[in-house]
file run-v3.csv (CSV, C-alpha atoms)
chain,number,residue,atom,x,y,z
A,2,MET,CA,0.0,0.0,0.0
A,3,MET,CA,2.8,2.5,0.9
A,4,ASN,CA,4.5,1.8,-2.4
A,5,ARG,CA,1.3,2.8,-4.2
A,6,ILE,CA,1.2,6.1,-2.4
A,7,MET,CA,4.9,7.1,-2.1
A,8,ARG,CA,6.9,6.8,-5.3
A,9,PHE,CA,9.9,9.1,-5.7
A,10,GLY,CA,13.6,9.5,-6.7
A,11,VAL,CA,16.4,10.2,-4.2
A,12,LEU,CA,17.7,13.4,-5.8
A,13,VAL,CA,15.4,15.7,-7.9
A,14,LEU,CA,17.0,18.1,-10.3
A,15,GLY,CA,14.8,21.1,-11.0
A,16,LEU,CA,14.1,22.2,-14.6
A,17,LEU,CA,15.7,25.6,-15.1
A,18,ALA,CA,13.8,28.4,-16.8
A,19,GLY,CA,17.0,30.1,-17.7
A,20,SER,CA,16.8,33.9,-17.9
A,21,VAL,CA,13.2,33.9,-18.7
A,22,ALA,CA,11.0,35.2,-15.9
A,23,GLY,CA,7.3,35.7,-15.3
A,24,PHE,CA,5.1,34.6,-18.1
A,25,GLY,CA,7.9,34.4,-20.7
A,26,GLN,CA,8.0,31.4,-23.0
A,27,PRO,CA,10.7,31.2,-25.6
A,28,ALA,CA,10.1,29.5,-28.9
A,29,GLY,CA,10.9,25.8,-28.9
A,30,SER,CA,10.9,25.5,-25.2
A,31,GLY,CA,8.5,22.5,-25.3
A,32,SER,CA,6.1,24.1,-22.8
A,33,PRO,CA,2.5,23.3,-23.5
A,34,SER,CA,0.0,26.0,-24.2
A,35,ALA,CA,-2.6,26.8,-21.5
A,36,ALA,CA,-5.3,25.3,-23.8
A,37,GLU,CA,-3.4,22.1,-24.2
A,38,LEU,CA,-2.7,21.8,-20.5
A,39,LYS,CA,-6.3,22.5,-19.6
A,40,LYS,CA,-7.5,19.8,-22.1
A,41,ASN,CA,-5.2,17.1,-20.8
A,42,ILE,CA,-6.0,17.8,-17.1
A,43,ALA,CA,-9.7,17.5,-17.9
A,44,LEU,CA,-8.9,14.2,-19.8
A,45,VAL,CA,-7.1,12.9,-16.7
A,46,SER,CA,-10.0,13.8,-14.5
A,47,SER,CA,-12.5,12.0,-16.8
A,48,LYS,CA,-10.4,8.9,-17.8
A,49,GLY,CA,-8.5,8.2,-14.6
A,50,GLU,CA,-6.1,5.3,-15.2
A,51,GLU,CA,-7.7,3.9,-18.3
A,52,ASP,CA,-4.4,4.0,-20.2
A,53,GLY,CA,-2.3,2.6,-17.4
A,54,GLY,CA,-1.4,6.0,-16.1
A,55,LEU,CA,0.5,7.2,-19.2
A,56,LEU,CA,-1.7,10.2,-19.6
A,57,ILE,CA,-1.3,11.0,-15.9
A,58,ALA,CA,2.5,10.9,-16.0
A,59,LYS,CA,2.5,12.9,-19.3
A,60,THR,CA,0.2,15.6,-17.9
A,61,ALA,CA,2.3,15.9,-14.7
A,62,ARG,CA,5.4,16.5,-16.8
A,63,GLN,CA,3.5,19.1,-18.9
A,64,VAL,CA,2.4,20.9,-15.7
A,65,ALA,CA,6.0,21.0,-14.6
A,66,LEU,CA,7.1,22.5,-18.0
A,67,TYR,CA,4.4,25.1,-17.9
A,68,LEU,CA,5.4,26.1,-14.3
A,69,LEU,CA,8.9,26.8,-15.5
A,70,PHE,CA,7.6,29.9,-17.2
A,71,HIS,CA,4.4,30.8,-15.4
A,72,GLU,CA,3.7,32.0,-11.8
A,73,LEU,CA,0.1,31.2,-11.3
A,74,SER,CA,-2.3,32.7,-8.7
A,75,ALA,CA,-4.9,30.4,-7.2
A,76,ALA,CA,-7.5,31.8,-9.6
A,77,GLU,CA,-5.3,31.3,-12.6
A,78,ALA,CA,-4.5,27.8,-11.6
A,79,ARG,CA,-8.2,26.9,-11.2
A,80,LYS,CA,-8.8,28.0,-14.8
A,81,LEU,CA,-6.4,25.3,-15.9
A,82,GLY,CA,-7.9,22.6,-13.6
A,83,LEU,CA,-5.1,22.9,-11.1
A,84,TYR,CA,-5.3,23.7,-7.4
A,85,LEU,CA,-2.7,25.8,-5.6
A,86,SER,CA,-2.6,23.7,-2.4
A,87,VAL,CA,0.4,25.2,-0.5
A,88,ASP,CA,2.6,28.3,-0.8
A,89,SER,CA,5.6,28.9,1.5
A,90,LYS,CA,5.2,32.7,1.0
A,91,ASP,CA,8.9,33.3,1.6
A,92,ALA,CA,11.6,34.3,-1.0
A,93,ALA,CA,11.7,30.7,-2.3
A,94,GLN,CA,7.9,30.7,-3.0
A,95,PHE,CA,7.8,26.9,-2.7
A,96,ARG,CA,4.4,26.0,-4.0
A,97,VAL,CA,2.6,22.8,-4.7
A,98,TYR,CA,-0.1,22.6,-7.4
A,99,LEU,CA,-2.5,19.6,-7.5
A,100,PHE,CA,-4.6,17.9,-10.2
A,101,ASN,CA,-6.6,14.8,-9.6
A,102,TYR,CA,-8.3,11.8,-11.0
A,103,HIS,CA,-10.6,9.1,-9.8
A,104,SER,CA,-9.0,5.7,-9.1
A,105,GLY,CA,-12.1,3.8,-10.0
A,106,GLY,CA,-11.7,1.9,-6.8
A,107,THR,CA,-11.7,2.3,-3.0
A,108,ARG,CA,-9.1,5.0,-3.1
A,109,GLY,CA,-11.5,7.4,-4.7
A,110,GLN,CA,-9.9,10.7,-5.7
A,111,VAL,CA,-6.1,10.6,-6.2
A,112,ASN,CA,-4.0,13.7,-6.0
A,113,VAL,CA,-1.0,14.4,-8.2
A,114,PRO,CA,1.4,17.1,-7.0
A,115,VAL,CA,3.7,19.3,-9.0
A,116,MET,CA,6.3,21.5,-7.1
A,117,GLN,CA,7.5,25.0,-8.1
A,118,TRP,CA,10.2,27.2,-6.4
A,119,LYS,CA,12.7,29.9,-7.0
A,120,ASN,CA,16.5,30.0,-6.4
A,121,GLN,CA,18.2,33.0,-4.8
A,122,ALA,CA,18.5,34.7,-8.3
A,123,GLY,CA,14.7,34.5,-8.6
A,124,GLN,CA,14.8,31.8,-11.4
A,125,LEU,CA,11.9,29.5,-11.6
A,126,PHE,CA,12.2,25.7,-11.2
A,127,SER,CA,9.6,23.0,-11.1
A,128,TYR,CA,9.3,19.3,-10.8
A,129,ALA,CA,6.6,16.6,-10.9
A,130,PRO,CA,7.7,13.8,-8.4
A,131,ALA,CA,6.3,10.3,-8.9
A,132,LEU,CA,4.2,10.9,-5.8
A,133,GLU,CA,0.5,10.9,-4.9
A,134,ALA,CA,-0.4,13.1,-1.9
A,135,GLY,CA,-2.9,15.9,-1.3
A,136,PHE,CA,-0.6,18.4,0.3
A,137,TYR,CA,-2.5,21.0,2.3
A,138,GLU,CA,0.0,22.7,4.6
A,139,ILE,CA,3.6,23.8,4.5
A,140,HIS,CA,6.0,25.2,7.2
A,141,LYS,CA,9.5,26.3,7.0
A,142,LEU,CA,11.6,24.4,9.6
A,143,LYS,CA,14.2,26.0,11.8
A,144,SER,CA,17.5,24.7,10.6
A,145,SER,CA,20.9,26.4,10.5
A,146,GLY,CA,22.1,26.9,6.9
A,147,ARG,CA,19.4,24.8,5.3
A,148,LYS,CA,16.0,25.4,3.7
A,149,LEU,CA,13.9,22.6,5.1
A,150,TYR,CA,10.1,22.5,4.7
A,151,LEU,CA,7.5,20.3,6.4
A,152,LEU,CA,4.6,19.5,4.2
A,153,LEU,CA,1.4,17.8,5.5
A,154,ALA,CA,-0.9,15.8,3.3
A,155,ASP,CA,-3.9,13.5,3.3
A,156,GLU,CA,-4.4,10.7,0.8
A,157,GLN,CA,-6.9,7.9,0.7
A,158,GLY,CA,-5.0,4.6,0.9
A,159,SER,CA,-8.0,2.3,0.7
A,160,SER,CA,-11.6,2.2,1.9
A,161,ARG,CA,-10.1,1.4,5.4
A,162,CYS,CA,-7.1,3.8,5.5
A,163,MET,CA,-6.8,7.5,5.2
A,164,GLN,CA,-3.0,8.2,5.0
A,165,ARG,CA,-1.8,11.1,7.0
A,166,ILE,CA,1.6,12.2,5.7
A,167,ALA,CA,4.3,14.5,7.0
A,168,TYR,CA,7.1,15.0,4.5
A,169,VAL,CA,10.3,17.0,4.9
A,170,MET,CA,11.8,18.4,1.7
A,171,GLU,CA,14.9,20.5,1.2
A,172,LEU,CA,15.5,23.3,-1.3
A,173,LYS,CA,19.2,23.6,-2.1
A,174,GLY,CA,19.6,26.3,-4.7
A,175,ASN,CA,18.5,24.8,-8.0
A,176,TYR,CA,17.6,21.5,-6.4
A,177,LEU,CA,14.7,19.9,-4.6
A,178,LEU,CA,15.9,17.1,-2.3
A,179,LEU,CA,13.4,14.5,-1.2
A,180,ASP,CA,15.7,12.2,0.8
A,181,ALA,CA,16.3,14.1,4.0
A,182,PRO,CA,16.2,11.5,6.9
A,183,ALA,CA,13.8,13.5,9.0
A,184,PHE,CA,11.9,10.6,10.5
A,185,ASP,CA,14.4,8.0,11.6
A,186,GLN,CA,15.9,7.1,8.2
A,187,SER,CA,13.0,8.3,6.1
A,188,PRO,CA,12.1,11.7,4.7
A,189,TYR,CA,8.4,11.1,5.5
A,190,LEU,CA,6.0,9.7,8.1
A,191,SER,CA,2.8,8.1,6.8
A,192,LEU,CA,0.2,6.6,9.2
A,193,CYS,CA,-3.4,5.5,8.7
A,194,ASP,CA,-6.0,7.7,10.4
A,195,VAL,CA,-3.5,9.5,12.7
A,196,SER,CA,-4.1,13.3,12.6
A,197,MET,CA,-1.1,15.5,12.6
A,198,GLU,CA,-0.7,19.1,13.8
A,199,PHE,CA,2.5,21.2,13.7
A,200,ASP,CA,3.3,23.9,16.3
A,201,VAL,CA,5.6,26.3,14.4
A,202,ARG,CA,6.8,28.2,17.4
A,203,GLN,CA,7.9,25.1,19.3
A,204,GLN,CA,8.7,23.0,16.2
A,205,LEU,CA,6.5,20.2,17.5
A,206,LEU,CA,4.6,17.7,15.5
A,207,ARG,CA,1.7,16.3,17.4
A,208,LEU,CA,0.1,12.9,16.5
A,209,ASP,CA,-3.3,11.9,17.7
A,210,VAL,CA,-3.4,8.1,17.5
A,211,THR,CA,-6.9,7.5,18.9
A,212,GLU,CA,-8.3,6.6,15.5
A,213,PHE,CA,-5.3,4.5,14.4
A,214,ASP,CA,-6.4,1.0,13.2
A,215,PHE,CA,-4.0,-1.2,15.0
A,216,GLU,CA,-5.6,-4.4,13.5
A,217,TYR,CA,-4.7,-3.1,10.1
A,218,TYR,CA,-0.9,-3.6,10.8
A,219,GLU,CA,1.1,-6.4,12.1
A,220,PRO,CA,3.4,-5.6,15.1
A,221,GLN,CA,6.5,-5.8,12.9
A,222,ASP,CA,5.1,-3.4,10.3
A,223,GLU,CA,6.9,0.0,10.1
A,224,PRO,CA,4.0,2.1,11.4
A,225,ARG,CA,3.6,0.0,14.5
A,226,ARG,CA,7.4,-0.2,15.1
A,227,LEU,CA,7.7,3.6,14.8
A,228,LEU,CA,4.9,4.3,17.2
A,229,ALA,CA,6.5,1.9,19.7
A,230,ARG,CA,9.9,3.5,19.2
A,231,TRP,CA,8.5,6.9,20.0
A,232,GLY,CA,6.9,5.7,23.2
A,233,PHE,CA,3.5,4.4,22.3
A,234,ARG,CA,2.3,1.7,24.7
A,235,SER,CA,-1.5,1.7,24.5
A,236,LEU,CA,-4.4,4.1,23.6
A,237,GLU,CA,-5.2,4.4,27.3
A,238,ALA,CA,-1.6,5.3,28.2
A,239,THR,CA,-0.5,7.4,25.2
A,240,PRO,CA,-3.4,8.5,23.0
A,241,ARG,CA,-1.1,11.3,21.7
A,242,LEU,CA,2.5,11.5,20.7
A,243,THR,CA,4.8,14.5,20.2
A,244,LEU,CA,7.9,14.8,18.1
A,245,LYS,CA,10.3,17.8,18.1
A,246,PHE,CA,12.3,19.0,15.2
A,247,ASN,CA,15.9,19.5,16.4
A,248,GLY,CA,17.2,21.3,13.3
A,249,GLN,CA,17.9,18.1,11.4
A,250,ARG,CA,15.2,15.6,12.2
A,251,PHE,CA,12.1,14.8,14.3
A,252,THR,CA,12.9,13.1,17.6
A,253,LYS,CA,11.0,12.2,20.8
A,254,PRO,CA,11.5,15.2,23.2
call {"tool": "encode", "arguments": {"input": "run-v3.csv", "output": "structure tokens"}}
result
Amino acid sequence: MMNRIMRFGVLVLGLLAGSVAGFGQPAGSGSPSAAELKKNIALVSSKGEEDGGLLIAKTARQVALYLLFHELSAAEARKLGLYLSVDSKDAAQFRVYLFNYHSGGTRGQVNVPVMQWKNQAGQLFSYAPALEAGFYEIHKLKSSGRKLYLLLADEQGSSRCMQRIAYVMELKGNYLLLDAPAFDQSPYLSLCDVSMEFDVRQQLLRLDVTEFDFEYYEPQDEPRRLLARWGFRSLEATPRLTLKFNGQRFTKP
């Protein structure tokens, strides 16, 4: 199930927009027109995975190409069939745009994210990771000399499991790195039906495990092992867990 939800590379190289800024689009750039992009996003929404996901992957790449040359407001994104789900609102303007399709099964609606950011020179970059997650929140983490962001997401894993996801990503100039070991050795934490809240001031990630389906996992499965490692004993004893970001990773305070 987790492989279905989290698919990504270790190091992601952003696509550089060169000296072109704003809405510029040089001839031969390969960037799709707004009309073409809108048409394909609509097709993805209506067809789902009918072609084995080829149209979905192609459309994600087209969105990434388009975002190399276009900074879209929420309203402009909606006209194309995209949804601006998060915006860091700092100099990097790390944004996530989503489009979606119906799985045709128990997962229901599936969210496909595409990232956009700027380097220090103000050049636009974008990337479509092989990832399915409905990101809804972003926070810049306190880390000396690094640009680390915590992103929170929901994604239906099955009729029985709503995945709650916390993912730490790093912007390093022209690069988006997806492999920061922020949760033990993983860049992300994904748990079924465990709500997550982040306290920016104290850099605390609070987990409410009262709805966690313990019968869904075996004791040796990673979600159960992580909860035990962080001090979970029983719902009566520890219905909530807290993790603190120490500048590099989340640990038990």
call {"tool": "residues_around", "arguments": {"input": "run-v3.csv", "residues": "Gln121 of chain A", "least_positions_apart": "6", "cutoff": "9 Å", "atoms": "all atoms listed in the file", "output": "list in words"}}
result
Ala92, Ala93, Gly174 and Asn175 of chain A
call {"tool": "closest_residue", "arguments": {"input": "run-v3.csv", "among": "A:Tyr67, A:Tyr168, A:Phe251, A:Phe136", "to": "Leu99 of chain A", "atoms": "all atoms listed in the file"}}
result
A:Phe136
call {"tool": "closest_residue", "arguments": {"input": "run-v3.csv", "among": "A:Asp180, A:Asp209, A:Asp200, A:Asp185", "to": "Arg226 of chain A", "atoms": "all atoms listed in the file"}}
result
A:Asp185
call {"tool": "residues_around", "arguments": {"input": "run-v3.csv", "residues": "Leu192 of chain A", "least_positions_apart": "2", "cutoff": "8 Å", "atoms": "all atoms listed in the file", "output": "mmCIF file with C-alpha atoms, in the coordinates of the input"}}
result
data_model
loop_
_atom_site.group_PDB
_atom_site.id
_atom_site.type_symbol
_atom_site.label_atom_id
_atom_site.label_comp_id
_atom_site.auth_asym_id
_atom_site.auth_seq_id
_atom_site.Cartn_x
_atom_site.Cartn_y
_atom_site.Cartn_z
ATOM 1 C CA GLN A 164 -3.000 8.200 5.000
ATOM 2 C CA ARG A 165 -1.800 11.100 7.000
ATOM 3 C CA ILE A 166 1.600 12.200 5.700
ATOM 4 C CA LEU A 190 6.000 9.700 8.100
ATOM 5 C CA ASP A 194 -6.000 7.700 10.400
ATOM 6 C CA VAL A 195 -3.500 9.500 12.700
ATOM 7 C CA PHE A 213 -5.300 4.500 14.400
ATOM 8 C CA PRO A 224 4.000 2.100 11.400
#
call {"tool": "residues_around", "arguments": {"input": "run-v3.csv", "residues": "Ser47 of chain A", "least_positions_apart": "5", "cutoff": "10 Å", "atoms": "all atoms listed in the file", "output": "PDB file with C-alpha atoms, in the frame of the given file"}}
result
ATOM      1  CA  ASN A  41      -5.200  17.100 -20.800  1.00  0.00           C
ATOM      2  CA  ILE A  42      -6.000  17.800 -17.100  1.00  0.00           C
ATOM      3  CA  ASN A 101      -6.600  14.800  -9.600  1.00  0.00           C
ATOM      4  CA  TYR A 102      -8.300  11.800 -11.000  1.00  0.00           C
ATOM      5  CA  HIS A 103     -10.600   9.100  -9.800  1.00  0.00           C
TER       6      HIS A 103
END
call {"tool": "atom_distance", "arguments": {"input": "run-v3.csv", "atom1": "atom CA of Ala229 of chain A", "atom2": "atom CA of Cys193 of chain A"}}
result
15.2 Å
call {"tool": "closest_residue", "arguments": {"input": "run-v3.csv", "among": "A:Leu228, A:Leu153, A:Leu73, A:Ala238", "to": "Glu198 of chain A", "atoms": "only C-alpha atoms"}}
result
A:Leu153
call {"tool": "closest_residue", "arguments": {"input": "run-v3.csv", "among": "A:Ala154, A:Phe215, A:Val169, A:Tyr84", "to": "Ser187 of chain A", "atoms": "all atoms listed in the file"}}
result
A:Val169
call {"tool": "residues_around", "arguments": {"input": "run-v3.csv", "residues": "Tyr217 of chain A", "least_positions_apart": "5", "cutoff": "10 Å", "atoms": "only C-alpha atoms", "output": "ChimeraX atom specification"}}
result
/A:161-162,193,222,225
call {"tool": "atom_distance", "arguments": {"input": "run-v3.csv", "atom1": "atom CA of Phe100 of chain A", "atom2": "atom CA of Leu142 of chain A"}}
result
26.4 Å
call {"tool": "residues_around", "arguments": {"input": "run-v3.csv", "residues": "Val45 of chain A", "least_positions_apart": "6", "cutoff": "12 Å", "atoms": "all atoms listed in the file", "output": "list in words"}}
result
Leu38, Lys39, Glu51, Asp52, Gly53, Gly54, Leu55, Leu56, Ile57, Ala58, Lys59, Thr60, Ala61, Gly82, Leu83, Phe100, Asn101, Tyr102, His103, Ser104, Gln110, Val111, Asn112 and Val113 of chain A
call {"tool": "atom_distance", "arguments": {"input": "run-v3.csv", "atom1": "atom CA of Asn247 of chain A", "atom2": "atom CA of Arg230 of chain A"}}
result
17.3 Å
call {"tool": "closest_residue", "arguments": {"input": "run-v3.csv", "among": "A:Leu152, A:Leu236, A:Ala65, A:Met116", "to": "Leu206 of chain A", "atoms": "all atoms listed in the file"}}
result
A:Leu152
